[in-house]
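What follows is a single structure, written as structure tokens, with notes after it.
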Amino acid sequence: MPVSAAAVAAAARPGPASAWPSWARLKQASLTDREAALDRQWYERARPETLRAREAHDPVAKEFLDEQWGGPKRPYQPERPTDPAVQQRLRQDLAAARAAVEAERRRLEEAGLRAPSSREPAGFEERSTPAGEQEVPPTAKAAAGYEGTVAVARSDIPALAGELFTGGSPRALGSYDPAHAIRPPDDVVVPQAHGHAEQDLGQQLDARLARLTEAERAAARGHTVSIRVDQEVCSVCAAALGGGPRAGVLSRLSARHPELVFEVTADDVSTVYRIVGGRRVR
């Protein structure tokens, strides 16, 4: 099938030539304006990953994706990470980080500087499910008998190329600043809800992002910070991904860096949190 000259021109564009205030305005303009028509074709032909990277600062990208995936809540959006290769690397990073934690734990225990670990590898558990009582297999971490939680992060921000960030809960030898802005909701005072791996990692990321120069931050706009945790993200860390005083660690981190996309995944679950400006966009 022959390809039109307009389609070739749209495909050759690195992005829309103009900044449009809304998808509706662009569609209307495209009916009579050739440049607008080319911009519209660019959005319609762009890969979803490209548009997701733009939606933090491009209302047309956001509204186009909303339209494609069933509205603002996007019920029809496939729930999968943006880049499988990044996830594979994060899995490897997690394995290496956990190995380092366990090696250091053994060293501390052998030196008498830490009480011996008491957790044993977990087996199948009987749990009540919607389908009745079932034998549920343990998570990979529980099956290995690991204590605490570990999280890692990488980013495609040019200034952060090649940098690896690693966080852990106290039982995984992590540390955190309780007075830092990246923390659980204000009314959560239970000690066990503080110091999670996501909090340790989030504080590190916040500090590193704060050191970006103006030029580096401008170049970072629309890029992604990919986070992976070695167990399901807890409800405290994922609290109120719409903002407000009950906002948890992930929402607070994203709200402080609204020009970035934060994508959070975890071992043993398929949930993907994609967060922009403190709010979950998927």
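Starting from 1 in every chain, residues are counted up; chains themselves are A, B, ... following the order of the structure tokens, and ligands are numbered from 1 as listed.
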
DSSP alpha helix (DSSP H) residues within range 160-205 of chain A, listed as a VMD selection string: chain A and resid 197 to 205

Selection: 12 Å around Lys62 in chain A, only C-alpha atoms, excl. self and same-chain fewer than 2 positions, as an NGL selection string: :A and (20-24 or 43 or 48-60 or 64-69 or 71-74 or 276 or 281-282)

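Taking only C-alpha atoms, the non-local environment of Glu104 in chain A within 12 Å (same-chain residues fewer than 4 positions away omitted) comprises Ala97, Arg98, Ala99, Ala100, Leu108, Glu109, Glu110, Ala111, Leu113, Arg114, Arg171, Ala172, Leu173 and Gly174 of chain A.
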
All strand (DSSP E) residues (DSSP, backbone) inside range 36-183 of chain A, as a list in words: Glu125, Glu126, Arg127, Ser128, Thr129, Gly132, Glu133, Gln134, Glu135, Val136, Val150, Ala151, Val152, Ala153, Arg154, Ser155, Phe165, Thr166, Gly167 and Gly168 of chain A

I need the residues from that last selection saved to file as a CSV table (one decimal), in the first residue's frame (with C-alpha atoms), if you can.
```
chain,number,residue,atom,x,y,z
A,125,GLU,CA,0.6,-21.3,53.6
A,126,GLU,CA,-3.1,-22.0,53.8
A,127,ARG,CA,-5.1,-18.9,53.1
A,128,SER,CA,-8.7,-17.9,52.5
A,129,THR,CA,-9.2,-16.7,49.0
A,132,GLY,CA,-12.0,-20.9,49.2
A,133,GLU,CA,-9.1,-22.2,51.3
A,134,GLN,CA,-6.0,-22.7,49.2
A,135,GLU,CA,-2.3,-23.6,49.6
A,136,VAL,CA,-0.5,-20.4,48.6
A,150,VAL,CA,15.5,-4.1,49.4
A,151,ALA,CA,14.7,-1.7,46.6
A,152,VAL,CA,16.8,-0.4,43.7
A,153,ALA,CA,16.4,2.3,41.1
A,154,ARG,CA,17.9,3.5,37.8
A,155,SER,CA,16.9,6.4,35.5
A,165,PHE,CA,20.5,3.6,43.8
A,166,THR,CA,19.9,1.0,46.5
A,167,GLY,CA,17.7,1.3,49.6
A,168,GLY,CA,16.7,-1.1,52.4
```

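Of note, CA of Ala122 in chain A and CA of Tyr146 in chain A are spaced 9.5 Å apart.
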
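In this structure, CA of Leu94 in chain A sits 7.0 Å away from CA of Asp230 in chain A.
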
Selection near Ser18 in chain A, 9 Å with only C-alpha atoms, sequence-local residues under 6 positions removed, as a ChimeraX atom specification: /A:35-36,39

Nearest residue to Gly148 in chain A from the set A:Gln203, A:Thr213, A:Gln77, A:Gln231 (distances using only C-alpha atoms): A:Gln231

Could the residues of range 126-204 of chain A that have an atom at most 10 Å from range 248-261 of chain A be listed as JSON lines, each with its closest atom pair and the distance in Å to one decimal, counting only C-alpha atoms and ordered by chain and ascending residue number?
```
{"residue": "A:Ser155", "atom": "CA", "partner": "A:Val261", "partner_atom": "CA", "distance": 9.8}
{"residue": "A:Ile157", "atom": "CA", "partner": "A:Leu260", "partner_atom": "CA", "distance": 9.1}
{"residue": "A:Ala181", "atom": "CA", "partner": "A:Arg252", "partner_atom": "CA", "distance": 7.5}
{"residue": "A:Ile182", "atom": "CA", "partner": "A:Val249", "partner_atom": "CA", "distance": 5.5}
{"residue": "A:Arg183", "atom": "CA", "partner": "A:Val249", "partner_atom": "CA", "distance": 5.1}
{"residue": "A:Pro184", "atom": "CA", "partner": "A:Gly248", "partner_atom": "CA", "distance": 4.6}
{"residue": "A:Pro185", "atom": "CA", "partner": "A:Gly248", "partner_atom": "CA", "distance": 5.1}
{"residue": "A:Asp186", "atom": "CA", "partner": "A:Gly248", "partner_atom": "CA", "distance": 8.6}
{"residue": "A:Val188", "atom": "CA", "partner": "A:Gly248", "partner_atom": "CA", "distance": 9.6}
{"residue": "A:His194", "atom": "CA", "partner": "A:Val249", "partner_atom": "CA", "distance": 9.8}
{"residue": "A:His196", "atom": "CA", "partner": "A:Val249", "partner_atom": "CA", "distance": 9.3}
{"residue": "A:Glu198", "atom": "CA", "partner": "A:Val249", "partner_atom": "CA", "distance": 7.0}
{"residue": "A:Gln199", "atom": "CA", "partner": "A:Val249", "partner_atom": "CA", "distance": 6.0}
{"residue": "A:Asp200", "atom": "CA", "partner": "A:Val249", "partner_atom": "CA", "distance": 9.6}
{"residue": "A:Leu201", "atom": "CA", "partner": "A:Val249", "partner_atom": "CA", "distance": 9.8}
{"residue": "A:Gly202", "atom": "CA", "partner": "A:Leu253", "partner_atom": "CA", "distance": 6.3}
{"residue": "A:Gln203", "atom": "CA", "partner": "A:Leu253", "partner_atom": "CA", "distance": 8.0}
```

Would you write out those residues with C-alpha atoms, as a PDB file, in the first residue's frame?
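So the final result, stored in selection_10.pdb, reads:
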```pdb
ATOM      1  CA  SER A 155      16.902   6.351  35.497  1.00  0.00           C
ATOM      2  CA  ILE A 157      17.822  10.921  32.894  1.00  0.00           C
ATOM      3  CA  ALA A 181      10.064  15.205  53.593  1.00  0.00           C
ATOM      4  CA  ILE A 182       9.969  11.751  51.964  1.00  0.00           C
ATOM      5  CA  ARG A 183       8.102   9.845  54.668  1.00  0.00           C
ATOM      6  CA  PRO A 184       4.810   8.064  55.399  1.00  0.00           C
ATOM      7  CA  PRO A 185       1.524   9.978  55.834  1.00  0.00           C
ATOM      8  CA  ASP A 186       1.545  12.547  58.626  1.00  0.00           C
ATOM      9  CA  VAL A 188       1.009   7.304  60.621  1.00  0.00           C
ATOM     10  CA  HIS A 194       8.615   3.947  58.922  1.00  0.00           C
ATOM     11  CA  HIS A 196      10.798   0.952  54.602  1.00  0.00           C
ATOM     12  CA  GLU A 198      11.011   2.700  49.542  1.00  0.00           C
ATOM     13  CA  GLN A 199      11.591   5.483  52.074  1.00  0.00           C
ATOM     14  CA  ASP A 200      15.358   4.945  52.222  1.00  0.00           C
ATOM     15  CA  LEU A 201      15.560   4.795  48.427  1.00  0.00           C
ATOM     16  CA  GLY A 202      13.211   7.754  47.969  1.00  0.00           C
ATOM     17  CA  GLN A 203      15.317   9.974  50.206  1.00  0.00           C
TER      18      GLN A 203
END
```
